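Worksheet: the structure to be examined is printed underneath.
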Amino acid sequence: MAFPQPRPQAPQLPHHLLRTIECQQGAVRAVRFNADGNYLLSCGSDKSIKLWSVSRGTLLKTYSGHGYEVLDADGSYDNSQICSCSSDKSVILWDVTTGQVTRKLRGHAGKVNCVQFNEEATVILSGSIDGTVRCWDTRSRRFEAIQVLDEARDSVSSLKVAQHELLTGSVDGRVRRYDLRMGQLHVDFISSPITCVCFSQDGQCTLSSSLDSTVRLLDKSTGEMLGEYTGHKMKGYKLDCCLSSKDTHVLSCSEDGHVYCWDLVEGSLSLKLPVGKAVVQSMSFHPTETCLLTAMEGRVQVWGAEPEETEDDSMVT
């Protein structure tokens, strides 16, 4: 007798608040998981970056050296370095352990909105309000950029690196994908200023959010529109969007104090996560687990699919 196969479980979503971290660094401009998801970085309007344990919510290190508010940060794959960018027009490379500034990179003509390491952390890429993306060699002693990409006609608001590809979003309404190995540029025009871009985990699609309160999923190779996700509010702020760790859901920050989460295929709203009463400034999805970070005003919240076991729960047999 053949038993029916168990129905596949619906993917869980991070809807339980696990902890709130009061960052005490002014408004938190960006929150980011590190490469393995055990730590998080919070970028403050008080010019500091702070490194926290995700599981305990404890502060591990504070990095101070920027002259103005910090807008983005990224950790290297081996957790030894952090890069950050600021309204002070600079990009800084930090030693994680000592908290010291390793390099201070200047060259942008305006505030730097976004920053990321390449996979080997040999290059830092930074995007600025000056319309350029600059590539910096982390190993050489040269202080000028090794490459400048100046195709954007307005501020570069977001960038993501995946292997040999660079994805950028600009206020000029265009998503640009650079194939750095082939020296090719692919452009998709979206009629509204772009606030955030990212690749899908499988590398087949690109996701972009824009100021017409729409998140769009595009086929990376053809530029074909695969999905549009609406319902949230994004009219005047540079807010994050992302995909869940298994590409099942599309998520976006919103100006109405929620994170919206849609089913990627169906486009239906799966979850409207109530974060608070202000704008959800930034978020980051765990690289492998169902865990989400959100930043609102001066705090970061950690969300999971299940409530955490307390010590009392774990002792019950």
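In the structure tokens, each chain is lettered A, B, ... as it comes, each chain's residues begin at 1, and ligands are numbered from 1 in order of appearance.
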
Within range 150-279 of chain A, find each residue whose DSSP state, derived from the backbone, is strand (DSSP E or B), and express the selection as a ChimeraX atom specification. /A:156-162,165-170,174-179,184-189,194-199,205-210,214-219,225-230,241-243,249-253,258-263,269-274

As a VMD selection string, please: the residues near range 147-163 of chain A (cut-off 10 Å, only C-alpha atoms, same-chain neighbours under 5 positions excluded). chain A and resid 72 107 to 108 110 to 120 124 to 137 168 to 181 185 193 to 201 203 208 238 to 240

Distance query range 51-59 of chain A at most 6 Å, only C-alpha atoms, self and fewer than 4 positions along chain excluded, as a PyMOL selection string: chain A and resi 38-41

Go ahead and save the residues from that selection, with all heavy atoms, as a compact mmCIF listing (two decimals), in the first residue's frame.
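The resulting selection_23.txt:
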# COMPACT_ATOMS: atom_id res chain seq x y z
N ASN A 38 25.89 35.51 11.79
CA ASN A 38 26.01 35.46 13.25
C ASN A 38 26.12 36.86 13.88
O ASN A 38 25.87 37.01 15.07
CB ASN A 38 27.24 34.65 13.66
CG ASN A 38 27.08 33.18 13.32
OD1 ASN A 38 25.96 32.66 13.37
ND2 ASN A 38 28.16 32.53 12.94
N TYR A 39 26.51 37.82 13.08
CA TYR A 39 26.70 39.18 13.58
C TYR A 39 25.93 40.16 12.71
O TYR A 39 25.52 39.85 11.59
CB TYR A 39 28.19 39.56 13.55
CG TYR A 39 29.07 38.59 14.26
CD1 TYR A 39 29.82 37.65 13.55
CD2 TYR A 39 29.15 38.58 15.65
CE1 TYR A 39 30.62 36.72 14.21
CE2 TYR A 39 29.95 37.66 16.32
CZ TYR A 39 30.68 36.73 15.59
OH TYR A 39 31.46 35.82 16.25
N LEU A 40 25.73 41.36 13.25
CA LEU A 40 25.09 42.40 12.45
C LEU A 40 25.84 43.71 12.64
O LEU A 40 26.48 43.95 13.68
CB LEU A 40 23.61 42.55 12.81
CG LEU A 40 23.22 43.16 14.17
CD1 LEU A 40 23.10 44.68 14.10
CD2 LEU A 40 21.88 42.59 14.62
N LEU A 41 25.77 44.54 11.61
CA LEU A 41 26.37 45.87 11.62
C LEU A 41 25.25 46.89 11.59
O LEU A 41 24.31 46.77 10.80
CB LEU A 41 27.25 46.07 10.40
CG LEU A 41 28.50 45.21 10.29
CD1 LEU A 41 29.03 45.21 8.86
CD2 LEU A 41 29.57 45.70 11.26

Neighbouring residues of range 276-291 of chain A were defined as those with any atom within 7 Å, considering only C-alpha atoms; residues of the same chain fewer than 4 positions away were excluded. Please report them as a short mmCIF file (atom, residue, chain, number, x, y, z; two decimals) with C-alpha atoms, in the first residue's frame.
data_model
loop_
_atom_site.label_atom_id
_atom_site.label_comp_id
_atom_site.auth_asym_id
_atom_site.auth_seq_id
_atom_site.Cartn_x
_atom_site.Cartn_y
_atom_site.Cartn_z
CA LEU A 13 8.35 33.82 7.41
CA PRO A 14 10.07 35.85 10.16
CA ARG A 29 20.61 54.41 8.62
CA ALA A 30 21.38 50.82 7.63
CA VAL A 31 21.48 47.36 9.20
CA ARG A 32 23.39 44.44 7.65
CA PHE A 33 24.08 40.80 8.46
CA ASP A 36 27.50 33.92 7.96
CA GLY A 37 24.62 35.72 9.70
CA LEU A 239 14.44 52.05 1.49
CA ASP A 240 15.67 48.46 1.13
CA SER A 244 14.29 35.61 1.36
CA SER A 245 17.20 33.19 1.73
CA CYS A 253 10.62 48.26 3.78
CA SER A 254 7.78 50.76 3.87
CA GLU A 255 7.16 54.30 5.06
CA ASP A 256 4.06 53.15 6.98
CA GLY A 257 6.05 51.27 9.67
CA HIS A 258 5.71 47.78 8.15
CA ALA A 295 16.02 49.23 11.51
CA MET A 296 13.68 51.95 12.73
CA TRP A 303 12.68 38.66 13.75
CA GLY A 304 12.48 34.87 13.46
CA ALA A 305 10.06 32.22 12.20
#

Residues near range 80-94 of chain A, anyone? I mean within 7 Å using only C-alpha atoms, not counting same-chain ones fewer than 2 positions away, as a count of residues only. 29

Please determine, counting only C-alpha atoms, which residue among A:Lys233, A:Ser45, A:Gly223, A:Thr206 has the shortest atom-to-atom distance to Asp188 in chain A.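 Once distances to Asp188 in chain A are computed over only C-alpha atoms, the minimum belongs to A:Gly223.
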
Counting only C-alpha atoms, figure out which residue out of A:Thr294, A:Gln12, A:Ser210, A:Ser268 gets nearest to Val28 in chain A.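 Closest residue, counting only C-alpha atoms: A:Thr294.
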